[in-house]
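See below for query_33.pdb, which holds PDB, C-alpha atoms.
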```pdb
MODEL        1
ATOM      1  CA  MET A 717       0.000   0.000   0.000  1.00  0.00           C
ATOM      2  CA  GLN A 718       1.267   3.453  -0.807  1.00  0.00           C
ATOM      3  CA  ASN A 719       1.689   5.924   2.020  1.00  0.00           C
ATOM      4  CA  ASP A 720      -1.674   7.013   3.398  1.00  0.00           C
ATOM      5  CA  ARG A 721      -3.486   4.682   0.996  1.00  0.00           C
ATOM      6  CA  LYS A 722      -6.725   3.366   2.357  1.00  0.00           C
ATOM      7  CA  ILE A 723      -8.541   0.427   0.890  1.00  0.00           C
ATOM      8  CA  ARG A 724     -12.186  -0.513   1.124  1.00  0.00           C
ATOM      9  CA  VAL A 725     -13.177  -4.076   1.776  1.00  0.00           C
ATOM     10  CA  ALA A 726     -16.678  -5.546   1.576  1.00  0.00           C
ATOM     11  CA  VAL A 727     -16.958  -8.515   3.924  1.00  0.00           C
ATOM     12  CA  ALA A 728     -19.694 -11.124   3.461  1.00  0.00           C
ATOM     13  CA  SER A 729     -20.787 -12.017   6.985  1.00  0.00           C
ATOM     14  CA  SER A 730     -23.985 -13.098   8.669  1.00  0.00           C
ATOM     15  CA  ASP A 731     -22.851 -11.856  12.094  1.00  0.00           C
ATOM     16  CA  GLY A 732     -20.217  -9.139  11.604  1.00  0.00           C
ATOM     17  CA  ILE A 733     -17.616 -11.291  13.356  1.00  0.00           C
ATOM     18  CA  VAL A 734     -16.514 -13.875  10.803  1.00  0.00           C
ATOM     19  CA  VAL A 735     -16.343 -14.101   7.023  1.00  0.00           C
ATOM     20  CA  ASN A 736     -18.873 -16.882   6.649  1.00  0.00           C
ATOM     21  CA  SER A 737     -21.055 -16.193   3.622  1.00  0.00           C
ATOM     22  CA  HIS A 738     -20.870 -17.435   0.046  1.00  0.00           C
ATOM     23  CA  PHE A 739     -21.010 -14.437  -2.281  1.00  0.00           C
ATOM     24  CA  GLY A 740     -24.090 -15.683  -4.105  1.00  0.00           C
ATOM     25  CA  ARG A 741     -26.020 -16.282  -0.888  1.00  0.00           C
ATOM     26  CA  ALA A 742     -24.795 -13.281   1.103  1.00  0.00           C
ATOM     27  CA  ARG A 743     -27.325 -10.722   2.244  1.00  0.00           C
ATOM     28  CA  ASP A 744     -25.071  -8.630   4.500  1.00  0.00           C
ATOM     29  CA  PHE A 745     -21.788  -6.984   3.543  1.00  0.00           C
ATOM     30  CA  TYR A 746     -19.811  -5.044   6.129  1.00  0.00           C
ATOM     31  CA  ILE A 747     -17.842  -2.255   4.450  1.00  0.00           C
ATOM     32  CA  TYR A 748     -14.491  -1.489   6.072  1.00  0.00           C
ATOM     33  CA  GLU A 749     -11.864   1.126   5.346  1.00  0.00           C
ATOM     34  CA  VAL A 750      -8.387  -0.085   6.248  1.00  0.00           C
ATOM     35  CA  SER A 751      -5.136   1.877   6.236  1.00  0.00           C
ATOM     36  CA  GLU A 752      -1.603   0.620   5.746  1.00  0.00           C
ATOM     37  CA  ASN A 753      -1.012   0.502   9.501  1.00  0.00           C
ATOM     38  CA  GLU A 754      -4.236  -1.527   9.724  1.00  0.00           C
ATOM     39  CA  ASP A 755      -6.382   1.120  11.373  1.00  0.00           C
ATOM     40  CA  THR A 756      -9.809  -0.269  10.596  1.00  0.00           C
ATOM     41  CA  VAL A 757     -13.086   1.619  10.430  1.00  0.00           C
ATOM     42  CA  LEU A 758     -16.444  -0.033   9.861  1.00  0.00           C
ATOM     43  CA  LEU A 759     -18.165   2.374   7.471  1.00  0.00           C
ATOM     44  CA  GLU A 760     -21.513   0.642   7.062  1.00  0.00           C
ATOM     45  CA  LYS A 761     -23.468  -2.545   6.711  1.00  0.00           C
ATOM     46  CA  ARG A 762     -25.004  -2.987   3.254  1.00  0.00           C
ATOM     47  CA  GLU A 763     -27.881  -5.325   2.644  1.00  0.00           C
ATOM     48  CA  LEU A 764     -28.071  -6.863  -0.825  1.00  0.00           C
ATOM     49  CA  VAL A 765     -30.544  -9.278  -2.345  1.00  0.00           C
ATOM     50  CA  PRO A 766     -28.751 -12.646  -2.604  1.00  0.00           C
ATOM     51  CA  ILE A 767     -27.950 -13.687  -6.158  1.00  0.00           C
ATOM     52  CA  CYS A 768     -28.834 -17.337  -5.562  1.00  0.00           C
ATOM     53  CA  GLU A 769     -31.856 -16.648  -3.360  1.00  0.00           C
ATOM     54  CA  THR A 770     -34.146 -18.915  -5.411  1.00  0.00           C
ATOM     55  CA  GLY A 771     -31.472 -21.538  -5.980  1.00  0.00           C
ATOM     56  CA  ASN A 772     -30.810 -20.247  -9.499  1.00  0.00           C
ATOM     57  CA  HIS A 773     -28.079 -17.847 -10.534  1.00  0.00           C
ATOM     58  CA  ASP A 774     -29.549 -14.450 -11.502  1.00  0.00           C
ATOM     59  CA  GLU A 775     -27.100 -12.639 -13.846  1.00  0.00           C
ATOM     60  CA  GLY A 776     -28.932  -9.291 -13.567  1.00  0.00           C
ATOM     61  CA  ARG A 777     -28.901  -9.416  -9.787  1.00  0.00           C
ATOM     62  CA  LEU A 778     -25.229 -10.437  -9.865  1.00  0.00           C
ATOM     63  CA  ARG A 779     -24.320  -7.329 -11.855  1.00  0.00           C
ATOM     64  CA  ASP A 780     -26.507  -5.111  -9.642  1.00  0.00           C
ATOM     65  CA  ASN A 781     -24.832  -6.421  -6.483  1.00  0.00           C
ATOM     66  CA  VAL A 782     -21.331  -6.009  -7.879  1.00  0.00           C
ATOM     67  CA  LYS A 783     -22.195  -2.425  -8.904  1.00  0.00           C
ATOM     68  CA  ARG A 784     -23.359  -1.759  -5.340  1.00  0.00           C
ATOM     69  CA  LEU A 785     -19.943  -2.931  -4.126  1.00  0.00           C
ATOM     70  CA  SER A 786     -17.953  -1.131  -6.828  1.00  0.00           C
ATOM     71  CA  ASP A 787     -16.605   1.469  -4.368  1.00  0.00           C
ATOM     72  CA  CYS A 788     -14.635  -1.358  -2.728  1.00  0.00           C
ATOM     73  CA  ASP A 789     -11.170  -2.574  -3.702  1.00  0.00           C
ATOM     74  CA  TYR A 790     -11.664  -6.067  -2.268  1.00  0.00           C
ATOM     75  CA  VAL A 791     -14.460  -8.426  -1.327  1.00  0.00           C
ATOM     76  CA  ALA A 792     -13.859 -11.096   1.326  1.00  0.00           C
ATOM     77  CA  VAL A 793     -16.158 -14.132   1.171  1.00  0.00           C
ATOM     78  CA  SER A 794     -16.171 -17.736   2.317  1.00  0.00           C
ATOM     79  CA  ARG A 795     -16.738 -18.919  -1.291  1.00  0.00           C
ATOM     80  CA  ILE A 796     -17.336 -17.377  -4.712  1.00  0.00           C
ATOM     81  CA  GLY A 797     -18.205 -18.904  -8.061  1.00  0.00           C
ATOM     82  CA  MET A 798     -16.337 -18.331 -11.307  1.00  0.00           C
ATOM     83  CA  GLY A 799     -19.146 -16.216 -12.835  1.00  0.00           C
ATOM     84  CA  ALA A 800     -19.200 -13.816  -9.898  1.00  0.00           C
ATOM     85  CA  LEU A 801     -15.413 -13.715  -9.866  1.00  0.00           C
ATOM     86  CA  ARG A 802     -15.407 -12.767 -13.560  1.00  0.00           C
ATOM     87  CA  VAL A 803     -17.852  -9.885 -12.994  1.00  0.00           C
ATOM     88  CA  MET A 804     -15.865  -8.677  -9.964  1.00  0.00           C
ATOM     89  CA  ASN A 805     -12.748  -8.559 -12.132  1.00  0.00           C
ATOM     90  CA  GLU A 806     -14.626  -6.522 -14.761  1.00  0.00           C
ATOM     91  CA  TYR A 807     -15.287  -3.908 -12.064  1.00  0.00           C
ATOM     92  CA  GLY A 808     -11.711  -3.979 -10.780  1.00  0.00           C
ATOM     93  CA  ILE A 809     -12.638  -5.644  -7.498  1.00  0.00           C
ATOM     94  CA  ALA A 810     -10.402  -8.391  -6.140  1.00  0.00           C
ATOM     95  CA  ALA A 811     -12.502 -11.148  -4.577  1.00  0.00           C
ATOM     96  CA  MET A 812     -10.833 -13.344  -1.986  1.00  0.00           C
ATOM     97  CA  GLU A 813     -12.000 -16.506  -0.277  1.00  0.00           C
ATOM     98  CA  LEU A 814     -10.947 -15.844   3.314  1.00  0.00           C
ATOM     99  CA  PRO A 815     -13.250 -17.650   5.737  1.00  0.00           C
ATOM    100  CA  GLY A 816     -12.500 -16.937   9.378  1.00  0.00           C
ATOM    101  CA  GLU A 817     -12.448 -13.937  11.687  1.00  0.00           C
ATOM    102  CA  ILE A 818     -12.953 -10.624   9.911  1.00  0.00           C
ATOM    103  CA  GLU A 819      -9.958  -9.047  11.664  1.00  0.00           C
ATOM    104  CA  ASP A 820      -7.651 -11.809  10.373  1.00  0.00           C
ATOM    105  CA  SER A 821      -9.077 -11.567   6.858  1.00  0.00           C
ATOM    106  CA  LEU A 822      -8.569  -7.792   6.769  1.00  0.00           C
ATOM    107  CA  HIS A 823      -4.966  -8.250   7.916  1.00  0.00           C
ATOM    108  CA  ARG A 824      -4.342 -10.763   5.113  1.00  0.00           C
ATOM    109  CA  ILE A 825      -5.815  -8.370   2.548  1.00  0.00           C
ATOM    110  CA  VAL A 826      -3.595  -5.495   3.751  1.00  0.00           C
ATOM    111  CA  VAL A 827      -0.506  -7.699   3.457  1.00  0.00           C
ATOM    112  CA  TYR A 828      -1.604  -8.848  -0.012  1.00  0.00           C
ATOM    113  CA  ASP A 829      -2.204  -5.235  -1.078  1.00  0.00           C
ATOM    114  CA  GLN A 830       1.233  -4.209   0.190  1.00  0.00           C
ATOM    115  CA  ILE A 831       2.875  -7.011  -1.804  1.00  0.00           C
ATOM    116  CA  GLN A 832       0.902  -6.045  -4.909  1.00  0.00           C
ATOM    117  CA  GLY A 833       2.107  -2.456  -4.459  1.00  0.00           C
ATOM    118  CA  LEU A 834       5.703  -3.660  -4.548  1.00  0.00           C
ATOM    119  CA  MET A 835       5.089  -5.406  -7.862  1.00  0.00           C
ATOM    120  CA  THR A 836       3.016  -2.767  -9.661  1.00  0.00           C
ATOM    121  CA  THR A 837       3.041   0.969 -10.059  1.00  0.00           C
ATOM    122  CA  ARG A 838      -0.185   2.624  -8.975  1.00  0.00           C
TER     123      ARG A 838
ENDMDL
END
```

Please go through the file and, once you have read it, give me the structure as structure tokens.
Amino acid sequence: MQNDRKIRVAVASSDGIVVNSHFGRARDFYIYEVSENEDTVLLEKRELVPICETGNHDEGRLRDNVKRLSDCDYVAVSRIGMGALRVMNEYGIAAMELPGEIEDSLHRIVVYDQIQGLMTTR
């Protein structure tokens, strides 16, 4: 991460404690802003209509949900399908399967972002 860079992470969680939701079934996304020194601020909780709510994949709903998360740099989920991953990439969002405690997942994303910053020019 560049100096003073802050990243936004949407976390799929049913309880706000652990990353425990599959992207397609997630209703609640906790939006965090995280700085390089890992100061973390919970900005909001966003409720989305699950993509796979009826058991079928809804492409229109998928795109709507990704658009609603497009202000985020990363999305942390327990699982994500290839179709959703493709759409995330189209919007420049990095989706990561990081089940476990939210705090640990955010730490892993910060480290990943720092490594990416060493390899690319932003």

Which residues fall under the PyMOL selection byres ((chain A and resi 812) around 9) in this file, as number ranges by chain? A: 790-796, 810-811, 813-814, 825

Between atom CA of Ile747 of chain A and atom CA of Val826 of chain A, what distance in Å does the model show, to one decimal? 14.6 Å

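Nearest to Cys788 of chain A of all the residues A:Ile809, A:Asp774, A:Val727, A:Ile733 is A:Ile809, based on only C-alpha atoms.
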
Neighbour list for Arg741 of chain A as a ChimeraX atom specification, cut-off 6 Å, all atoms listed in the file, skip fewer than 3 positions in-chain: /A:738,766,768

Go ahead and write the residues just picked, C-alpha atoms, as an mmCIF file, in the frame of the given file.
```cif
data_model
loop_
_atom_site.group_PDB
_atom_site.id
_atom_site.type_symbol
_atom_site.label_atom_id
_atom_site.label_comp_id
_atom_site.auth_asym_id
_atom_site.auth_seq_id
_atom_site.Cartn_x
_atom_site.Cartn_y
_atom_site.Cartn_z
ATOM 1 C CA HIS A 738 -20.870 -17.435 0.046
ATOM 2 C CA PRO A 766 -28.751 -12.646 -2.604
ATOM 3 C CA CYS A 768 -28.834 -17.337 -5.562
#
```

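By chain and then residue number, the residues within 10 Å of Leu764 of chain A are Arg741, Ala742, Arg743, Asp744, Phe745, Arg777, Asp780, Asn781, Val782, Arg784 and Leu785 of chain A, counting all atoms listed in the file and disregarding those fewer than 4 positions away in sequence.
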
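One finds atom CA of Tyr828 of chain A at 16.5 Å from atom CA of Asn805 of chain A.
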
Hey, can you check how far atom CA of Glu763 of chain A sits from atom CA of His823 of chain A? 23.7 Å

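Counting all atoms listed in the file and comparing A:Tyr746, A:Arg721, A:Asp731, A:Ser786, the residue that lies closest to Gly833 of chain A is A:Arg721.
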
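With distances restricted to all atoms listed in the file, A:Ile723 is the closest residue to Glu752 of chain A from A:Ala800, A:Leu778, A:Ile723, A:Val735.
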
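The residue that comes closest to Glu754 of chain A, out of A:Asp789, A:Glu775, A:Glu817, A:Asp829 and on the basis of all atoms listed in the file, is A:Asp829.
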
Would you compute an axis-aligned box for segment 831-835 of chain A, covering every atom listed for it in the file with 5 Å of margin on each side, and report centre and edge lengths in Å to one decimal as AutoDock Vina command-line options?
```
--center_x 3.3 --center_y -4.7 --center_z -4.8 --size_x 14.8 --size_y 14.6 --size_z 16.1
```

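Using all atoms listed in the file for every distance, the candidate list A:Arg762, A:Asn753, A:Phe739, A:Ser729 yields A:Phe739 as the residue closest to Gly797 of chain A.
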
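Proximity to Gly732 of chain A was assessed for A:Ile818, A:Val765, A:Val827, A:Leu759 counting only C-alpha atoms; the smallest distance is recorded for A:Ile818.
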
Can you take the partial segment 815-836 of chain A, add N, CA and C atoms, and return it as a tab-separated table (two decimals), in the coordinates of the input?
```
chain	number	residue	atom	x	y	z
A	815	PRO	N	-12.38	-17.36	4.60
A	815	PRO	CA	-13.25	-17.65	5.74
A	815	PRO	C	-12.46	-17.55	7.05
A	816	GLY	N	-13.14	-17.10	8.07
A	816	GLY	CA	-12.50	-16.94	9.38
A	816	GLY	C	-12.86	-15.59	9.97
A	817	GLU	N	-12.16	-15.20	11.02
A	817	GLU	CA	-12.45	-13.94	11.69
A	817	GLU	C	-12.18	-12.75	10.76
A	818	ILE	N	-13.07	-11.79	10.78
A	818	ILE	CA	-12.95	-10.62	9.91
A	818	ILE	C	-11.62	-9.92	10.12
A	819	GLU	N	-11.22	-9.74	11.36
A	819	GLU	CA	-9.96	-9.05	11.66
A	819	GLU	C	-8.78	-9.73	10.98
A	820	ASP	N	-8.74	-11.06	11.02
A	820	ASP	CA	-7.65	-11.81	10.37
A	820	ASP	C	-7.71	-11.66	8.86
A	821	SER	N	-8.92	-11.70	8.31
A	821	SER	CA	-9.08	-11.57	6.86
A	821	SER	C	-8.64	-10.19	6.39
A	822	LEU	N	-8.99	-9.15	7.14
A	822	LEU	CA	-8.57	-7.79	6.77
A	822	LEU	C	-7.05	-7.67	6.82
A	823	HIS	N	-6.43	-8.26	7.81
A	823	HIS	CA	-4.97	-8.25	7.92
A	823	HIS	C	-4.35	-8.90	6.68
A	824	ARG	N	-4.88	-10.05	6.27
A	824	ARG	CA	-4.34	-10.76	5.11
A	824	ARG	C	-4.51	-9.93	3.83
A	825	ILE	N	-5.60	-9.21	3.72
A	825	ILE	CA	-5.82	-8.37	2.55
A	825	ILE	C	-4.83	-7.21	2.53
A	826	VAL	N	-4.57	-6.59	3.67
A	826	VAL	CA	-3.60	-5.50	3.75
A	826	VAL	C	-2.22	-6.00	3.32
A	827	VAL	N	-1.81	-7.14	3.83
A	827	VAL	CA	-0.51	-7.70	3.46
A	827	VAL	C	-0.46	-7.98	1.95
A	828	TYR	N	-1.52	-8.58	1.42
A	828	TYR	CA	-1.60	-8.85	-0.01
A	828	TYR	C	-1.49	-7.55	-0.81
A	829	ASP	N	-2.22	-6.52	-0.39
A	829	ASP	CA	-2.20	-5.24	-1.08
A	829	ASP	C	-0.80	-4.61	-1.04
A	830	GLN	N	-0.12	-4.74	0.08
A	830	GLN	CA	1.23	-4.21	0.19
A	830	GLN	C	2.17	-4.93	-0.78
A	831	ILE	N	2.04	-6.24	-0.88
A	831	ILE	CA	2.88	-7.01	-1.80
A	831	ILE	C	2.56	-6.62	-3.24
A	832	GLN	N	1.29	-6.47	-3.56
A	832	GLN	CA	0.90	-6.04	-4.91
A	832	GLN	C	1.50	-4.69	-5.23
A	833	GLY	N	1.54	-3.79	-4.26
A	833	GLY	CA	2.11	-2.46	-4.46
A	833	GLY	C	3.59	-2.49	-4.77
A	834	LEU	N	4.28	-3.51	-4.26
A	834	LEU	CA	5.70	-3.66	-4.55
A	834	LEU	C	5.92	-4.11	-5.99
A	835	MET	N	4.93	-4.81	-6.53
A	835	MET	CA	5.09	-5.41	-7.86
A	835	MET	C	4.51	-4.55	-8.98
A	836	THR	N	3.65	-3.60	-8.64
A	836	THR	CA	3.02	-2.77	-9.66
A	836	THR	C	3.16	-1.30	-9.31
```
